[in-house]
Protein chains: 2
Amino acid sequence: MTEVLHPREAARVAGPDEAVSIDELALAARNHGMPLEALRFDLTPPGLHYLLVHYDIPFVDPATWRLEVGGHVSAPLSLSLDDLRARPAVSRTVTLECAGNGRARLLPRPVSQPWLDEAVGTARWTGCALSSLLAAAGVRDGAVDVAFTGADHGTERGVEQDYRRALPIAEALSDDVVLAYEMNGAPLPPQHGAPVRLIVPGWYGMAQVKWLSSVDVLTEPFTGYQNEVAYRLRASADDPGVPVSHIQPRALVVPPGFPDFMTRRRIVDAGTVPLFGRAWSGRAALTRVEVSVDGGASWAPAVLGEPAGRFAWRGWTFSWAATPGEYRLCVRAVDEFGAQPVEQPWNMQGMANNTVQRVAVTVR
Amino acid sequence: MTEVLHPREAARVAGPDEAVSIDELALAARNHGMPLEALRFDLTPPGLHYLLVHYDIPFVDPATWRLEVGGHVSAPLSLSLDDLRARPAVSRTVTLECAGNGRARLLPRPVSQPWLDEAVGTARWTGCALSSLLAAAGVRDGAVDVAFTGADHGTERGVEQDYRRALPIAEALSDDVVLAYEMNGAPLPPQHGAPVRLIVPGWYGMAQVKWLSSVDVLTEPFTGYQNEVAYRLRASADDPGVPVSHIQPRALVVPPGFPDFMTRRRIVDAGTVPLFGRAWSGRAALTRVEVSVDGGASWAPAVLGEPAGRFAWRGWTFSWAATPGEYRLCVRAVDEFGAQPVEQPWNMQGMANNTVQRVAVTVR
């Protein structure tokens, strides 16, 4: 697996007055976020869970599908779906989020999938521990990265490729990582990677390779497109940057009251308004959630619900004594490393942006 | 059920250089089309079927849900889900399409949910025939319309409402109409109207009221917002117009080859390229499908597959002898009333637009 080193072209950044293009809209029409009222579900049903497909959904025949595990191993494996299912099953409840979530609110806006706030979902993923497969294959000394290849094929900025992303060897050997063949107790739906996908708890979506076809153990750092160019944190065009990895902390609230169709502005009756939402962080343990009804000028603590595991979102509640007026409702998660920013943490490709959510509310 | 007559304000029409707004994008991030590669499925899985929710998804408890059937009837009914399920079940395979499909390609663009080509899907809907319920309730002489109310609540252009749309009495009494509690053999998912929704085969999506709560037989024409203002065909601001009803003919092709991520432009290897797609019409029987590889200048017939019922899409195939170059692939459906237009049939709200699909293809 030798890869051509690609020039590190950033995504194009839109001009100051440049609105969303038809190309961006075409991505938004195919891919979809999770309607925020679905935060109520502990486990997001598949049709509501966010979805990002880089190219086309490939339709893989589970009867003939094979997973090739090779590269720098003692005993390469070639496994059928029945082979995988015959191994001990493990399950993980994991919140997944697209690394580009929030991108379309950035100023200036990097041009790519134009997410607002909703590129998230939580599911129970069941499959085979990657570490057990790598142990069976016998990872040899000197392994550095492990590359995962999907069956989805396309071009990005002129580079034709099967979707492929790599993890550092230490991460790949962690017990957390799963080759999943079930989502919420049912076989994976086609759009979520059937028959088998990777689940790397705590990492953004680009690591969660769908329609998995091969696992390759590498002795050199992986230089493929999705690590080297696409999913990379770069402060400026001169910055070589680093690959995107763990999910930053984020809290979202179920928008209260009811919406206006076109603006999604909320209308709420005055009185005690129970707020509910979820919060998560992939990089560290969540410590608290805070609510602001004045656009982030002042904050009050929310009540955290029971945790559902290290990598799953956690419910929270807040009781808002709402009086008539116009409000900008904000929520923020805080983890061991700090709080979500109120001001945007801009980067060239709009990755790992976790600016606080703002919800416009009219209390009547 | 008296309704205030609303001024017939059209949706706002964007200026000639006005690109897609954040409000339109927010609708596109929540709602979603069917990725066109899913045309391959006879029945669209729920997570791939198009979805448009006007307000929020309401979460209705099936254990306490009731359907009220009243108005101009002899014996009003109040039914539980078990009551409905105890009645004879009927199933219909139905292609649903949003009346706003294609809106975002119109020039000038009416400002609303910005659909491109993908607001479609086909499912097998199972439930109770509406005609049998209306017979049990005893529709009295003089009935004109039947109004259907959902549990979803919001405002549109200042009008607060539960979503409500009406059918003419003759349509409501047709044997085709179903109160569905299953989609593709499983209980309705929350976003598709659980526990019960209306299915009116051959009509655009605005008639398919989700989260159904009541059925009201009326002695006067229904003047509610969704018939009188929102879903209305109007050629100009002075035109009172008519309510949107039946689905116009449309064909779509599975885009061949593989895509570029950002532009969705297709790349195809030269040679014989098998094309596959679907076509449908709600207003009349489909007679043929045609393919153009020169942007609509010349057309050749496709081979139609077996029909799957009057209201379900029909597969078609075409063998394309592709030589290197740049192409604009188009497909069009023809029914007893005519063909899809190559030039846009514009109206004030971008309704029932069925301009032919255009797919940019590079053959290499």
# chains A, B, ... in the order shown; residues from 1 in each chain; ligands from 1
$ interface_residues --of "chain A" --to "chain B" --cutoff "6 Å" --atoms "only C-alpha atoms" --output "ChimeraX atom specification"
/A:19-20,23,28-30,32-33,35,47,54-55,154-156,258-261,263
$ select_by_dssp --residues "range 79-298 of chain B" --states "helix (DSSP H, G or I)" --output "PyMOL selection string"
chain B and resi 81-86+103-105+130-137+169-172+190-192+205-207+225-230
$ residues_around --residues "Ala300 in chain B" --least-positions-apart "2" --cutoff "8 Å" --atoms "only C-alpha atoms" --output "count of residues only"
5
$ atom_distance --atom1 "CA of Asp335 in chain A" --atom2 "CA of Arg358 in chain A"
19.6 Å
$ closest_residue --among "A:Val120, A:Asp42, A:Leu133, A:Ala207" --to "Gly305 in chain A" --atoms "only C-alpha atoms"
A:Asp42
$ residues_around --residues "Ala151 in chain B" --least-positions-apart "6" --cutoff "9 Å" --atoms "only C-alpha atoms" --output "list of chain:residue names"
B:Ile57, B:Pro58, B:Phe59, B:Val60, B:Asp162, B:Tyr163, B:Lys210, B:Trp211, B:Leu212, B:Ser213
